[in-house]
Structures are given as structure tokens and as C-alpha cells.
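upload.cif, holding mmCIF, C-alpha atoms and all ligand atoms:
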```cif
data_final
#
loop_
_atom_site.label_atom_id
_atom_site.label_comp_id
_atom_site.auth_asym_id
_atom_site.auth_seq_id
_atom_site.Cartn_x
_atom_site.Cartn_y
_atom_site.Cartn_z
CA VAL A 18 -165.91 -126.89 135.51
CA VAL A 19 -165.77 -130.51 136.58
CA GLU A 20 -167.75 -132.68 134.20
CA LEU A 21 -170.13 -135.25 135.65
CA PRO A 22 -172.00 -137.83 133.57
CA ASP A 23 -175.06 -136.32 131.82
CA ARG A 24 -177.24 -139.05 133.18
CA ILE A 25 -176.65 -141.20 136.24
CA VAL A 26 -178.76 -144.35 136.65
CA ARG A 27 -178.10 -147.18 139.07
CA ASP A 28 -180.54 -150.05 139.49
CA PHE A 29 -180.32 -151.71 142.92
CA GLY A 30 -182.98 -154.30 142.03
CA ASP A 31 -186.13 -154.82 144.07
CA GLY A 32 -187.71 -151.78 142.38
CA LEU A 33 -185.09 -149.33 143.73
CA VAL A 34 -183.33 -147.07 141.22
CA VAL A 35 -181.07 -144.10 141.95
CA ARG A 36 -180.88 -141.66 139.04
CA SER A 37 -180.20 -138.04 138.26
CA ALA A 38 -183.24 -135.82 138.66
CA ALA A 39 -185.04 -134.25 135.69
CA ALA A 40 -187.17 -131.11 135.33
CA GLU A 41 -190.44 -133.04 135.59
CA ASP A 42 -189.46 -134.34 139.06
CA LEU A 43 -189.81 -130.90 140.64
CA ALA A 44 -193.22 -131.26 142.31
CA GLU A 45 -192.36 -134.66 143.83
CA LEU A 46 -188.95 -133.41 144.88
CA LEU A 47 -190.36 -130.34 146.63
CA ALA A 48 -192.87 -132.51 148.51
CA LEU A 49 -190.05 -134.75 149.69
CA LEU A 50 -187.73 -131.86 150.60
CA SER A 51 -190.48 -130.42 152.79
CA GLN A 52 -189.72 -133.31 155.17
CA LEU A 53 -186.35 -131.68 155.86
CA HIS A 54 -187.93 -128.52 157.24
CA GLU A 55 -191.16 -129.69 158.79
CA HIS A 56 -191.81 -126.46 160.69
CA GLU A 57 -191.91 -124.54 157.40
CA ALA A 58 -194.83 -124.52 154.94
CA PRO A 59 -194.23 -127.04 152.12
CA GLN A 60 -193.08 -125.44 148.87
CA THR A 61 -195.07 -125.99 145.72
CA VAL A 62 -194.04 -125.47 142.11
CA THR A 63 -193.76 -121.84 141.06
CA ASP A 64 -192.19 -120.28 137.96
CA GLU A 65 -189.32 -119.07 140.11
CA LEU A 66 -188.59 -122.51 141.57
CA ARG A 67 -188.94 -124.05 138.11
CA ALA A 68 -186.30 -121.61 136.85
CA THR A 69 -184.05 -122.30 139.86
CA PHE A 70 -184.34 -126.04 139.31
CA ALA A 71 -183.52 -125.64 135.60
CA GLU A 72 -180.42 -123.67 136.61
CA ILE A 73 -179.39 -126.39 139.08
CA LEU A 74 -179.91 -129.14 136.50
CA ALA A 75 -177.83 -127.21 133.95
CA SER A 76 -174.96 -126.55 136.39
CA GLY A 77 -171.69 -128.31 135.71
CA GLY A 78 -170.32 -130.33 138.61
CA ARG A 79 -173.73 -130.75 140.18
CA ALA A 80 -176.00 -133.77 140.40
CA VAL A 81 -179.34 -133.89 142.17
CA LEU A 82 -179.90 -137.60 142.74
CA VAL A 83 -183.31 -139.13 143.33
CA ALA A 84 -184.06 -142.60 144.63
CA CYS A 85 -187.18 -144.10 143.06
CA ARG A 86 -189.09 -147.06 144.39
CA ASP A 87 -191.44 -148.51 141.80
CA GLY A 88 -191.24 -145.18 139.96
CA ALA A 89 -192.07 -142.87 142.89
CA ILE A 90 -189.42 -140.52 144.28
CA VAL A 91 -188.66 -141.62 147.84
CA GLY A 92 -185.25 -140.10 148.53
CA THR A 93 -182.86 -137.44 147.35
CA LEU A 94 -179.55 -135.72 147.84
CA ASP A 95 -177.69 -132.91 146.09
CA LEU A 96 -174.06 -133.57 145.10
CA LEU A 97 -171.67 -130.75 144.28
CA VAL A 98 -168.22 -131.37 142.79
CA VAL A 99 -165.92 -128.38 143.17
CA ALA A 100 -162.82 -127.58 141.12
CA ASN A 101 -159.78 -127.04 143.32
CA LEU A 102 -156.16 -125.81 143.17
CA THR A 103 -154.67 -127.87 146.00
CA ARG A 104 -154.13 -131.63 146.09
CA GLY A 105 -152.71 -131.67 142.58
CA GLY A 106 -155.75 -129.87 141.23
CA ARG A 107 -158.14 -132.66 142.17
CA PRO A 108 -161.70 -131.58 143.01
CA TRP A 109 -163.57 -132.17 146.25
CA ALA A 110 -167.26 -132.94 146.71
CA GLY A 111 -170.03 -131.90 149.06
CA ILE A 112 -173.52 -133.20 149.76
CA GLU A 113 -176.64 -131.32 150.91
CA ASN A 114 -180.34 -132.00 151.32
CA VAL A 115 -180.30 -135.69 152.20
CA VAL A 116 -183.80 -136.97 152.90
CA VAL A 117 -185.77 -140.20 152.57
CA ASP A 118 -189.57 -140.32 152.68
CA ALA A 119 -190.70 -141.09 156.24
CA VAL A 120 -192.70 -144.10 155.10
CA CYS A 121 -189.69 -145.66 153.33
CA ARG A 122 -186.96 -145.29 155.95
CA ARG A 123 -184.76 -148.16 157.15
CA GLN A 124 -184.90 -149.81 153.74
CA GLY A 125 -181.39 -148.89 152.62
CA ILE A 126 -182.46 -145.95 150.45
CA GLY A 127 -180.27 -143.34 152.17
CA ARG A 128 -177.33 -145.70 151.95
CA ALA A 129 -177.98 -146.33 148.23
CA LEU A 130 -178.05 -142.59 147.51
CA LEU A 131 -174.78 -142.01 149.38
CA ASP A 132 -173.11 -144.94 147.65
CA VAL A 133 -173.99 -143.58 144.22
CA ALA A 134 -172.82 -140.08 145.24
CA ALA A 135 -169.49 -141.52 146.42
CA ASP A 136 -169.03 -143.43 143.14
CA VAL A 137 -169.78 -140.33 141.06
CA ALA A 138 -167.39 -138.19 143.15
CA ARG A 139 -164.66 -140.84 142.97
CA GLU A 140 -165.03 -141.15 139.21
CA ALA A 141 -164.75 -137.35 138.96
CA GLY A 142 -161.36 -137.62 140.70
CA CYS A 143 -162.40 -136.08 144.03
CA THR A 144 -160.10 -136.44 147.01
CA LYS A 145 -162.94 -136.25 149.54
CA LEU A 146 -166.69 -136.20 149.95
CA GLN A 147 -168.05 -134.21 152.85
CA LEU A 148 -171.27 -133.04 154.41
CA VAL A 149 -172.53 -131.54 157.61
CA SER A 150 -175.40 -132.72 159.74
CA HIS A 151 -177.06 -130.61 162.40
CA ASP A 152 -176.98 -132.07 165.93
CA ARG A 153 -180.77 -132.08 165.99
CA ARG A 154 -180.84 -134.69 163.19
CA GLY A 155 -179.86 -137.25 165.78
CA ALA A 156 -179.10 -140.94 165.51
CA ALA A 157 -180.60 -141.73 162.11
CA ALA A 158 -178.30 -139.31 160.28
CA ASP A 159 -175.27 -140.16 162.45
CA GLU A 160 -175.72 -143.87 161.93
CA LEU A 161 -176.43 -143.57 158.23
CA TYR A 162 -173.27 -141.54 157.64
CA SER A 163 -171.02 -143.76 159.69
CA ARG A 164 -172.45 -146.90 158.00
CA SER A 165 -171.76 -145.22 154.66
CA GLY A 166 -168.07 -144.72 155.40
CA PHE A 167 -168.09 -141.14 156.71
CA THR A 168 -166.06 -140.26 159.77
CA ALA A 169 -166.09 -137.01 161.77
CA PRO A 170 -162.43 -135.95 162.11
CA VAL A 171 -163.25 -132.27 161.52
CA ARG A 172 -165.01 -129.48 163.36
CA GLY A 173 -167.74 -127.83 161.29
CA TYR A 174 -168.60 -124.14 161.44
CA ARG A 175 -171.69 -122.43 160.19
CA ARG A 176 -172.74 -118.81 160.15
CA TYR A 177 -176.42 -118.27 159.40
CA LEU A 178 -176.93 -115.35 157.04
CA GLY A 179 -180.63 -114.84 157.50
C1 LIG A 201 -181.34 -139.89 157.84
C2 LIG A 201 -182.16 -140.57 156.75
C3 LIG A 201 -181.83 -139.90 155.40
C4 LIG A 201 -181.80 -142.06 156.68
O1 LIG A 201 -182.37 -142.63 155.51
P1 LIG A 201 -182.77 -144.18 155.45
O2 LIG A 201 -183.10 -144.49 154.04
O3 LIG A 201 -183.78 -144.49 156.46
O4 LIG A 201 -181.40 -144.86 155.84
P2 LIG A 201 -180.98 -146.39 155.50
O5 LIG A 201 -182.17 -147.27 155.51
O6 LIG A 201 -180.15 -146.39 154.26
O7 LIG A 201 -180.09 -146.72 156.77
C5 LIG A 201 -178.77 -147.21 156.66
C6 LIG A 201 -178.26 -147.48 158.06
O8 LIG A 201 -178.23 -146.27 158.80
C7 LIG A 201 -178.62 -146.55 160.17
N1 LIG A 201 -179.90 -145.89 160.50
C8 LIG A 201 -180.78 -145.31 159.63
N2 LIG A 201 -181.81 -144.79 160.32
C9 LIG A 201 -181.61 -145.06 161.62
C10 LIG A 201 -182.32 -144.79 162.82
N3 LIG A 201 -183.51 -144.14 162.76
N4 LIG A 201 -181.80 -145.19 163.98
C11 LIG A 201 -180.63 -145.85 164.05
N5 LIG A 201 -179.89 -146.17 162.93
C12 LIG A 201 -180.38 -145.77 161.75
C13 LIG A 201 -178.76 -148.05 160.27
O9 LIG A 201 -177.50 -148.58 160.58
C14 LIG A 201 -179.16 -148.41 158.86
O10 LIG A 201 -178.89 -149.73 158.53
P3 LIG A 201 -179.92 -150.89 159.01
O11 LIG A 201 -181.31 -150.40 158.72
O12 LIG A 201 -179.50 -152.06 158.18
O13 LIG A 201 -179.68 -151.05 160.49
C15 LIG A 201 -183.69 -140.48 157.05
O14 LIG A 201 -183.91 -140.94 158.37
C16 LIG A 201 -184.25 -139.08 156.92
O15 LIG A 201 -184.59 -138.65 155.80
N6 LIG A 201 -184.38 -138.35 158.05
C17 LIG A 201 -184.95 -137.01 158.05
C18 LIG A 201 -184.08 -136.01 157.31
C19 LIG A 201 -182.65 -136.04 157.79
O16 LIG A 201 -182.35 -136.10 158.98
N7 LIG A 201 -181.72 -135.95 156.81
C20 LIG A 201 -180.30 -135.89 157.09
C21 LIG A 201 -179.89 -134.48 157.04
S1 LIG A 201 -178.19 -134.26 157.55
#
```
Output the structure of this file as C-alpha cells.
Amino acid sequence: VVELPDRIVRDFGDGLVVRSAAAEDLAELLALLSQLHEHEAPQTVTDELRATFAEILASGGRAVLVACRDGAIVGTLDLLVVANLTRGGRPWAGIENVVVDAVCRRQGIGRALLDVAADVAREAGCTKLQLVSHDRRGAAADELYSRSGFTAPVRGYRRYLG
């Protein structure tokens, strides 16, 4: 298992902090994540989701990051660092569930989250950091990723499993 720091905290000034999520963030996090799937009913805290979140938080090589503005959670992403046999045994990293609260967009929050994720992955020795973005996400996601140093030299494949 790739070890990540127990606690990640980066203060960008101006009231913006990116940190690792904690168990008590679940309700705020679920409300924010509902903006990723707006056609689905928002999820609220249940015992099952609480247990799932505890499992995620306890997983090695995994960091759910939250961006907080003046204490409120306004952005998130989920970083996964994966042990690997190729490339001299160096791990690789993936990102999922990138979202910034609709009322706080275009303030650099998505960029801040991705910058912290890249630093954490680099410090863990990763050779690459990758993610996929559905075509329907459009210009905001495309622009954010290219401004954050991502290029698209690969073809992505996805098989939905129901
Ligand atoms: C994509 C998303 C995460 C961007 O977050 P954000 O905090 O607004 O992004 P930032 O403010 O850090 O933007 C950084 C740069 O990305 C580009 N960008 C961001 N949003 C943009 C938009 N709507 N149109 C064009 N460029 C955009 C700009 O270059 C911006 O820099 P600038 O504001 O100085 O011009 C946010 O729009 C979002 O949550 N969308 C809905 C969910 C989603 O699509 N998630 C991605 C899943 S793959």
C-alpha cells in the first residue's frame, strides 16, 4: 500500500484551504457531490454511507480532498494512488469526483484542488496523474484540466456495468 500523509492541509490565503476530508464532513460532501449528478436525487447521510465513507477515509493510498472557503466545503476531489509493478515500481494516481459548488466557480478552487492532488501524487513518487471527463462536462472541465497541466494524449474507454 502506498502511504499518503495522514493529514493534508494547504492554506491558499483569502479564506481558501484545501485539506483532507474527515468523517464529520459527510453531509456537506454529499450535498456538494449531488451537483455532479443533478438528474439524480441528492444523497443524504445514512448508516451505510457513513460506513462507506469511514472505509474510504481508512484506505491507504486514498485522499478525499475538500476545499473550504471560510470553513464551508465548496469543492472536492477523490485522489487514488495505486501501487504498480512497471516503471521501476513507481505508483500512478487517478482522480474522480471533481466538483466545485456552483456559487463558487471561477474563483480558482478547482485549480487549487488539482494542484494539491498533483503535489501529493508527486510526493508519493507517482509517474502520472490521470482522470477522465465525460464529453458532456464541456468547456469548464476541459479548460480547468488544461490550465492545470493535463493533456489528452490518450483515448479513454469506459464500459458501464449498470
Ligand atoms: C469544472 C469545475 C470543477 C471547475 O471548477 P472551478 O473552481 O470553477 O475552476 P477554476 O476557477 O479553478 O478555473 C480554473 C480555470 O479553468 C478554466 N475554466 C473554469 N471554468 C470555466 C468555464 N466555465 N468556462 C471556460 N473556462 C473555464 C479557466 O481557464 C479558469 O481560469 P480563469 O477563471 O482564471 O479564467 C466546475 O465548473 C464544476 O464543478 N463543474 C460541474 C462538475 C464538473 O463538471 N466536474 C468535472 C467532472 S470531470
Counting only C-alpha atoms and all ligand atoms, which residues of chain A fall within 9 Å of ligand LIG 201 (chain A), and what is the closest atom pair for each with its distance in Å at one decimal, ordered by chain and rising number, as CSV?
```
residue,atom,partner,partner_atom,distance
A:Leu50,CA,A:LIG201,C18,8.7
A:Gln52,CA,A:LIG201,C18,6.6
A:Leu53,CA,A:LIG201,C18,5.1
A:His54,CA,A:LIG201,C18,8.4
A:Val91,CA,A:LIG201,O2,8.8
A:Gly92,CA,A:LIG201,O2,7.4
A:Thr93,CA,A:LIG201,C3,8.5
A:Leu94,CA,A:LIG201,C3,8.9
A:Glu113,CA,A:LIG201,S1,7.4
A:Asn114,CA,A:LIG201,C21,6.3
A:Val115,CA,A:LIG201,N7,4.8
A:Val116,CA,A:LIG201,O15,3.4
A:Val117,CA,A:LIG201,O15,3.8
A:Asp118,CA,A:LIG201,O15,6.1
A:Ala119,CA,A:LIG201,O15,6.6
A:Cys121,CA,A:LIG201,O2,6.7
A:Arg122,CA,A:LIG201,O3,3.3
A:Arg123,CA,A:LIG201,O5,3.2
A:Gln124,CA,A:LIG201,O5,4.1
A:Gly125,CA,A:LIG201,O6,3.2
A:Ile126,CA,A:LIG201,O2,3.9
A:Gly127,CA,A:LIG201,O2,3.6
A:Arg128,CA,A:LIG201,O6,3.7
A:Ala129,CA,A:LIG201,O6,6.4
A:Leu130,CA,A:LIG201,O6,8.0
A:Leu131,CA,A:LIG201,O6,8.5
A:Leu148,CA,A:LIG201,S1,7.7
A:Val149,CA,A:LIG201,S1,6.3
A:Ser150,CA,A:LIG201,S1,3.9
A:His151,CA,A:LIG201,S1,6.2
A:Asp152,CA,A:LIG201,S1,8.7
A:Arg153,CA,A:LIG201,O16,8.2
A:Arg154,CA,A:LIG201,O16,4.7
A:Gly155,CA,A:LIG201,O16,7.3
A:Ala156,CA,A:LIG201,N4,5.3
A:Ala157,CA,A:LIG201,C9,3.5
A:Ala158,CA,A:LIG201,C1,3.9
A:Asp159,CA,A:LIG201,C7,7.6
A:Glu160,CA,A:LIG201,C7,4.3
A:Leu161,CA,A:LIG201,O8,3.3
A:Tyr162,CA,A:LIG201,O8,7.0
A:Ser163,CA,A:LIG201,O8,7.7
A:Arg164,CA,A:LIG201,C6,5.8
A:Ser165,CA,A:LIG201,C5,7.6
```
Atom CA of Val99 of chain A and atom CA of Pro22 of chain A, how far apart in Å?
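One can read the atom CA of Pro22 of chain A to atom CA of Val99 of chain A distance as 14.8 Å.
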Using all atoms listed in the file, which of the listed residues (A:Ala135, A:Ala100, A:Ala84, A:Leu46) sits closest to Asp28 of chain A?
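Among the listed residues, the smallest separation from Asp28 of chain A belongs to A:Ala84.
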Within 6 Å of segment 31-35 of chain A: each segment 48-152 of chain A residue with its shortest pair, all atoms listed in the file, as CSV:
```
residue,atom,partner,partner_atom,distance
A:Val83,CA,A:Val35,CA,5.6
A:Ala84,CA,A:Val35,CA,4.3
A:Cys85,CA,A:Val34,CA,5.2
A:Arg86,CA,A:Leu33,CA,4.6
A:Asp87,CA,A:Gly32,CA,5.0
```
Taken to one decimal, the atom CA of Lys145 of chain A-atom CA of Val171 of chain A distance is 12.6 Å
